[in-house]
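Just target-v9.pdb here, PDB, C-alpha atoms:
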ATOM      1  CA  MET A   1     -78.924   4.651  58.303  1.00  0.00           C
ATOM      2  CA  LYS A   2     -77.438   1.172  58.599  1.00  0.00           C
ATOM      3  CA  ILE A   3     -77.533  -0.433  62.037  1.00  0.00           C
ATOM      4  CA  VAL A   4     -74.679  -2.742  62.942  1.00  0.00           C
ATOM      5  CA  SER A   5     -74.837  -5.014  65.935  1.00  0.00           C
ATOM      6  CA  ALA A   6     -72.072  -7.150  67.344  1.00  0.00           C
ATOM      7  CA  THR A   7     -71.485  -9.448  70.238  1.00  0.00           C
ATOM      8  CA  ILE A   8     -68.288  -8.610  72.031  1.00  0.00           C
ATOM      9  CA  SER A   9     -66.218 -11.335  73.578  1.00  0.00           C
ATOM     10  CA  PRO A  10     -63.042 -10.612  75.544  1.00  0.00           C
ATOM     11  CA  ASP A  11     -61.348 -13.482  73.715  1.00  0.00           C
ATOM     12  CA  LYS A  12     -62.108 -12.247  70.214  1.00  0.00           C
ATOM     13  CA  VAL A  13     -60.956  -9.080  68.427  1.00  0.00           C
ATOM     14  CA  VAL A  14     -63.843  -7.513  66.539  1.00  0.00           C
ATOM     15  CA  ARG A  15     -63.130  -5.154  63.664  1.00  0.00           C
ATOM     16  CA  ILE A  16     -66.058  -2.807  63.229  1.00  0.00           C
ATOM     17  CA  GLY A  17     -65.620   0.374  61.266  1.00  0.00           C
ATOM     18  CA  ARG A  18     -62.744   1.660  59.214  1.00  0.00           C
ATOM     19  CA  ILE A  19     -60.146   2.316  61.869  1.00  0.00           C
ATOM     20  CA  ASP A  20     -56.727   0.778  61.426  1.00  0.00           C
ATOM     21  CA  VAL A  21     -56.130  -0.473  64.970  1.00  0.00           C
ATOM     22  CA  LEU A  22     -52.482  -1.353  64.377  1.00  0.00           C
ATOM     23  CA  ARG A  23     -51.753   2.087  62.983  1.00  0.00           C
ATOM     24  CA  VAL A  24     -53.529   3.843  65.860  1.00  0.00           C
ATOM     25  CA  ASP A  25     -51.755   1.699  68.440  1.00  0.00           C
ATOM     26  CA  GLY A  26     -48.429   2.339  66.702  1.00  0.00           C
ATOM     27  CA  THR A  27     -48.826   6.125  66.722  1.00  0.00           C
ATOM     28  CA  THR A  28     -46.141   7.835  68.793  1.00  0.00           C
ATOM     29  CA  GLU A  29     -46.093  11.233  70.476  1.00  0.00           C
ATOM     30  CA  GLN A  30     -43.635  12.296  67.778  1.00  0.00           C
ATOM     31  CA  ASP A  31     -46.149  11.291  65.069  1.00  0.00           C
ATOM     32  CA  ILE A  32     -48.849  13.311  66.811  1.00  0.00           C
ATOM     33  CA  ALA A  33     -46.584  16.372  67.157  1.00  0.00           C
ATOM     34  CA  LEU A  34     -45.652  16.155  63.475  1.00  0.00           C
ATOM     35  CA  GLN A  35     -49.309  15.978  62.431  1.00  0.00           C
ATOM     36  CA  GLU A  36     -50.144  18.949  64.669  1.00  0.00           C
ATOM     37  CA  SER A  37     -47.421  21.038  63.017  1.00  0.00           C
ATOM     38  CA  ILE A  38     -48.674  20.026  59.564  1.00  0.00           C
ATOM     39  CA  ASP A  39     -52.234  20.961  60.556  1.00  0.00           C
ATOM     40  CA  ASP A  40     -51.046  24.322  61.938  1.00  0.00           C
ATOM     41  CA  PHE A  41     -49.131  25.059  58.733  1.00  0.00           C
ATOM     42  CA  GLU A  42     -52.154  24.204  56.584  1.00  0.00           C
ATOM     43  CA  ALA A  43     -54.382  26.424  58.737  1.00  0.00           C
ATOM     44  CA  MET A  44     -51.920  29.308  58.348  1.00  0.00           C
ATOM     45  CA  GLN A  45     -51.863  28.879  54.569  1.00  0.00           C
ATOM     46  CA  GLU A  46     -55.655  28.701  54.400  1.00  0.00           C
ATOM     47  CA  MET A  47     -55.975  31.911  56.420  1.00  0.00           C
ATOM     48  CA  ALA A  48     -53.329  33.569  54.223  1.00  0.00           C
ATOM     49  CA  ARG A  49     -55.404  32.762  51.119  1.00  0.00           C
ATOM     50  CA  PHE A  50     -58.561  33.970  52.895  1.00  0.00           C
ATOM     51  CA  VAL A  51     -57.045  37.359  53.801  1.00  0.00           C
ATOM     52  CA  LYS A  52     -55.665  37.902  50.304  1.00  0.00           C
ATOM     53  CA  LYS A  53     -58.983  36.853  48.722  1.00  0.00           C
ATOM     54  CA  ILE A  54     -60.855  39.446  50.780  1.00  0.00           C
ATOM     55  CA  ARG A  55     -58.367  42.212  50.011  1.00  0.00           C
ATOM     56  CA  MET A  56     -58.279  41.417  46.290  1.00  0.00           C
ATOM     57  CA  ARG A  57     -62.074  41.230  46.106  1.00  0.00           C
ATOM     58  CA  LEU A  58     -62.199  44.723  47.605  1.00  0.00           C
ATOM     59  CA  GLY A  59     -59.665  45.903  45.029  1.00  0.00           C
ATOM     60  CA  MET A  60     -57.300  47.294  47.657  1.00  0.00           C
ATOM     61  CA  SER A  61     -53.561  47.306  48.070  1.00  0.00           C
ATOM     62  CA  GLN A  62     -52.074  45.951  51.283  1.00  0.00           C
ATOM     63  CA  THR A  63     -51.510  49.531  52.436  1.00  0.00           C
ATOM     64  CA  GLU A  64     -55.121  50.562  51.784  1.00  0.00           C
ATOM     65  CA  PHE A  65     -56.439  47.422  53.454  1.00  0.00           C
ATOM     66  CA  SER A  66     -54.211  47.938  56.493  1.00  0.00           C
ATOM     67  CA  GLN A  67     -55.397  51.537  56.856  1.00  0.00           C
ATOM     68  CA  ILE A  68     -59.036  50.407  56.841  1.00  0.00           C
ATOM     69  CA  LEU A  69     -58.255  47.821  59.537  1.00  0.00           C
ATOM     70  CA  ASN A  70     -56.069  50.294  61.468  1.00  0.00           C
ATOM     71  CA  ILE A  71     -53.075  47.951  61.474  1.00  0.00           C
ATOM     72  CA  SER A  72     -49.649  48.094  59.841  1.00  0.00           C
ATOM     73  CA  SER A  73     -49.217  47.056  56.227  1.00  0.00           C
ATOM     74  CA  ASN A  74     -46.472  44.737  57.483  1.00  0.00           C
ATOM     75  CA  THR A  75     -49.104  42.833  59.480  1.00  0.00           C
ATOM     76  CA  VAL A  76     -51.295  42.369  56.387  1.00  0.00           C
ATOM     77  CA  SER A  77     -48.244  41.246  54.434  1.00  0.00           C
ATOM     78  CA  GLN A  78     -47.324  38.694  57.095  1.00  0.00           C
ATOM     79  CA  TRP A  79     -50.910  37.405  57.211  1.00  0.00           C
ATOM     80  CA  GLU A  80     -50.915  36.921  53.444  1.00  0.00           C
ATOM     81  CA  GLN A  81     -47.539  35.166  53.525  1.00  0.00           C
ATOM     82  CA  GLY A  82     -48.713  32.807  56.259  1.00  0.00           C
ATOM     83  CA  LYS A  83     -46.091  34.077  58.703  1.00  0.00           C
ATOM     84  CA  ARG A  84     -48.633  35.372  61.200  1.00  0.00           C
ATOM     85  CA  TYR A  85     -52.239  34.503  61.928  1.00  0.00           C
ATOM     86  CA  PRO A  86     -54.992  37.043  62.618  1.00  0.00           C
ATOM     87  CA  LYS A  87     -56.445  36.421  66.053  1.00  0.00           C
ATOM     88  CA  GLY A  88     -59.285  37.706  68.169  1.00  0.00           C
ATOM     89  CA  THR A  89     -60.986  40.840  66.922  1.00  0.00           C
ATOM     90  CA  ALA A  90     -58.992  40.964  63.684  1.00  0.00           C
ATOM     91  CA  LYS A  91     -60.094  37.454  62.741  1.00  0.00           C
ATOM     92  CA  VAL A  92     -63.731  38.247  63.500  1.00  0.00           C
ATOM     93  CA  LEU A  93     -63.526  41.502  61.537  1.00  0.00           C
ATOM     94  CA  LEU A  94     -62.125  39.671  58.513  1.00  0.00           C
ATOM     95  CA  LYS A  95     -65.047  37.240  58.625  1.00  0.00           C
ATOM     96  CA  VAL A  96     -67.527  40.127  58.836  1.00  0.00           C
ATOM     97  CA  ILE A  97     -65.843  41.901  55.915  1.00  0.00           C
ATOM     98  CA  ASP A  98     -66.039  38.661  53.933  1.00  0.00           C
ATOM     99  CA  LYS A  99     -69.805  38.339  54.528  1.00  0.00           C
ATOM    100  CA  PHE A 100     -70.813  42.019  54.435  1.00  0.00           C
ATOM    101  CA  PRO A 101     -68.066  43.943  52.621  1.00  0.00           C
ATOM    102  CA  GLU A 102     -69.952  47.110  51.680  1.00  0.00           C
ATOM    103  CA  SER A 103     -71.621  47.602  55.065  1.00  0.00           C
ATOM    104  CA  THR A 104     -68.463  46.888  57.013  1.00  0.00           C
ATOM    105  CA  LEU A 105     -66.322  49.200  54.896  1.00  0.00           C
ATOM    106  CA  ALA A 106     -68.903  51.968  55.248  1.00  0.00           C
ATOM    107  CA  VAL A 107     -68.665  51.673  59.028  1.00  0.00           C
ATOM    108  CA  LEU A 108     -64.860  51.468  59.073  1.00  0.00           C
ATOM    109  CA  ARG A 109     -64.235  54.475  56.841  1.00  0.00           C
TER     110      ARG A 109
END

Before anything else, please render the file you have as structure tokens.
Amino acid sequence: MKIVSATISPDKVVRIGRIDVLRVDGTTEQDIALQESIDDFEAMQEMARFVKKIRMRLGMSQTEFSQILNISSNTVSQWEQGKRYPKGTAKVLLKVIDKFPESTLAVLR
């Protein structure tokens, strides 16, 4: 690990690191809100791919998958389209199915 030392003087601006101070200082609340919405959209799309990957790996239709999870097929469809996001227990269950598909399906059936 490289150690960097610097003497800080109130009269002198010191640039340590890779941060663009002017860009950070110029960031507005609108910029932050836009980035948050972009991040949310990307998270939704990532979860949509995750849900579909699990279902396809199990070789199930949306209807079969929804019956196993005891939810509507419309919910699975909306998850896979990125229109809704699985939360709470559903999200945890999807992660468990991803890690231990056979065991989890045996318990759920």

Work out how far atom CA of Arg84 of chain A is from atom CA of Met56 of chain A, in Å to one decimal. 18.8 Å

Evaluate the PyMOL selection byres ((chain A and resi 46) around 12) on the structure here and hand back the selected residues as a PDB file with C-alpha atoms, keeping the file's coordinate frame.
ATOM      1  CA  ASP A  39     -52.234  20.961  60.556  1.00  0.00           C
ATOM      2  CA  ASP A  40     -51.046  24.322  61.938  1.00  0.00           C
ATOM      3  CA  PHE A  41     -49.131  25.059  58.733  1.00  0.00           C
ATOM      4  CA  GLU A  42     -52.154  24.204  56.584  1.00  0.00           C
ATOM      5  CA  ALA A  43     -54.382  26.424  58.737  1.00  0.00           C
ATOM      6  CA  MET A  44     -51.920  29.308  58.348  1.00  0.00           C
ATOM      7  CA  GLN A  45     -51.863  28.879  54.569  1.00  0.00           C
ATOM      8  CA  MET A  47     -55.975  31.911  56.420  1.00  0.00           C
ATOM      9  CA  ALA A  48     -53.329  33.569  54.223  1.00  0.00           C
ATOM     10  CA  ARG A  49     -55.404  32.762  51.119  1.00  0.00           C
ATOM     11  CA  PHE A  50     -58.561  33.970  52.895  1.00  0.00           C
ATOM     12  CA  VAL A  51     -57.045  37.359  53.801  1.00  0.00           C
ATOM     13  CA  LYS A  52     -55.665  37.902  50.304  1.00  0.00           C
ATOM     14  CA  LYS A  53     -58.983  36.853  48.722  1.00  0.00           C
ATOM     15  CA  TRP A  79     -50.910  37.405  57.211  1.00  0.00           C
ATOM     16  CA  GLU A  80     -50.915  36.921  53.444  1.00  0.00           C
ATOM     17  CA  GLN A  81     -47.539  35.166  53.525  1.00  0.00           C
ATOM     18  CA  GLY A  82     -48.713  32.807  56.259  1.00  0.00           C
ATOM     19  CA  LYS A  83     -46.091  34.077  58.703  1.00  0.00           C
ATOM     20  CA  ARG A  84     -48.633  35.372  61.200  1.00  0.00           C
ATOM     21  CA  TYR A  85     -52.239  34.503  61.928  1.00  0.00           C
ATOM     22  CA  PRO A  86     -54.992  37.043  62.618  1.00  0.00           C
TER      23      PRO A  86
END

Could you tell me, as a PyMOL selection string, exactly which residues end up selected when the PyMOL selection byres ((chain A and resi 62) around 10) is applied to this structure? chain A and resi 52+55-56+59-61+63-68+72-77+80

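Across the model, the gap from atom CA of Glu36 of chain A to atom CA of Leu94 of chain A is 24.7 Å.
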
What is the distance, in Å and to one decimal place, between atom CA of Asp98 of chain A and atom CA of Leu58 of chain A? 9.6 Å

Since the input is missing atoms, can you rebuild N, CA and C atoms for segment 30-47 of chain A and write them as a compact mmCIF listing (two decimals), in the coordinates of the input?
# COMPACT_ATOMS: atom_id res chain seq x y z
N GLN A 30 -44.33 11.59 68.85
CA GLN A 30 -43.64 12.30 67.78
C GLN A 30 -44.52 12.37 66.53
N ASP A 31 -45.22 11.30 66.21
CA ASP A 31 -46.15 11.29 65.07
C ASP A 31 -47.25 12.32 65.27
N ILE A 32 -47.77 12.37 66.49
CA ILE A 32 -48.85 13.31 66.81
C ILE A 32 -48.35 14.75 66.70
N ALA A 33 -47.16 15.02 67.23
CA ALA A 33 -46.58 16.37 67.16
C ALA A 33 -46.35 16.79 65.71
N LEU A 34 -45.87 15.86 64.89
CA LEU A 34 -45.65 16.16 63.48
C LEU A 34 -46.96 16.49 62.79
N GLN A 35 -48.01 15.71 63.05
CA GLN A 35 -49.31 15.98 62.43
C GLN A 35 -49.87 17.31 62.89
N GLU A 36 -49.68 17.65 64.16
CA GLU A 36 -50.14 18.95 64.67
C GLU A 36 -49.45 20.09 63.94
N SER A 37 -48.14 19.97 63.71
CA SER A 37 -47.42 21.04 63.02
C SER A 37 -47.87 21.14 61.56
N ILE A 38 -48.16 20.01 60.94
CA ILE A 38 -48.67 20.03 59.56
C ILE A 38 -50.04 20.70 59.53
N ASP A 39 -50.90 20.35 60.49
CA ASP A 39 -52.23 20.96 60.56
C ASP A 39 -52.14 22.46 60.78
N ASP A 40 -51.23 22.89 61.67
CA ASP A 40 -51.05 24.32 61.94
C ASP A 40 -50.58 25.05 60.68
N PHE A 41 -49.63 24.45 59.96
CA PHE A 41 -49.13 25.06 58.73
C PHE A 41 -50.25 25.20 57.71
N GLU A 42 -51.05 24.15 57.55
CA GLU A 42 -52.15 24.20 56.58
C GLU A 42 -53.18 25.26 56.98
N ALA A 43 -53.44 25.40 58.27
CA ALA A 43 -54.38 26.42 58.74
C ALA A 43 -53.84 27.82 58.44
N MET A 44 -52.54 28.01 58.64
CA MET A 44 -51.92 29.31 58.35
C MET A 44 -52.04 29.64 56.86
N GLN A 45 -51.79 28.65 56.01
CA GLN A 45 -51.86 28.88 54.57
C GLN A 45 -53.30 29.16 54.13
N GLU A 46 -54.25 28.47 54.73
CA GLU A 46 -55.66 28.70 54.40
C GLU A 46 -56.07 30.11 54.80
N MET A 47 -55.65 30.55 55.98
CA MET A 47 -55.98 31.91 56.42
C MET A 47 -55.28 32.94 55.53
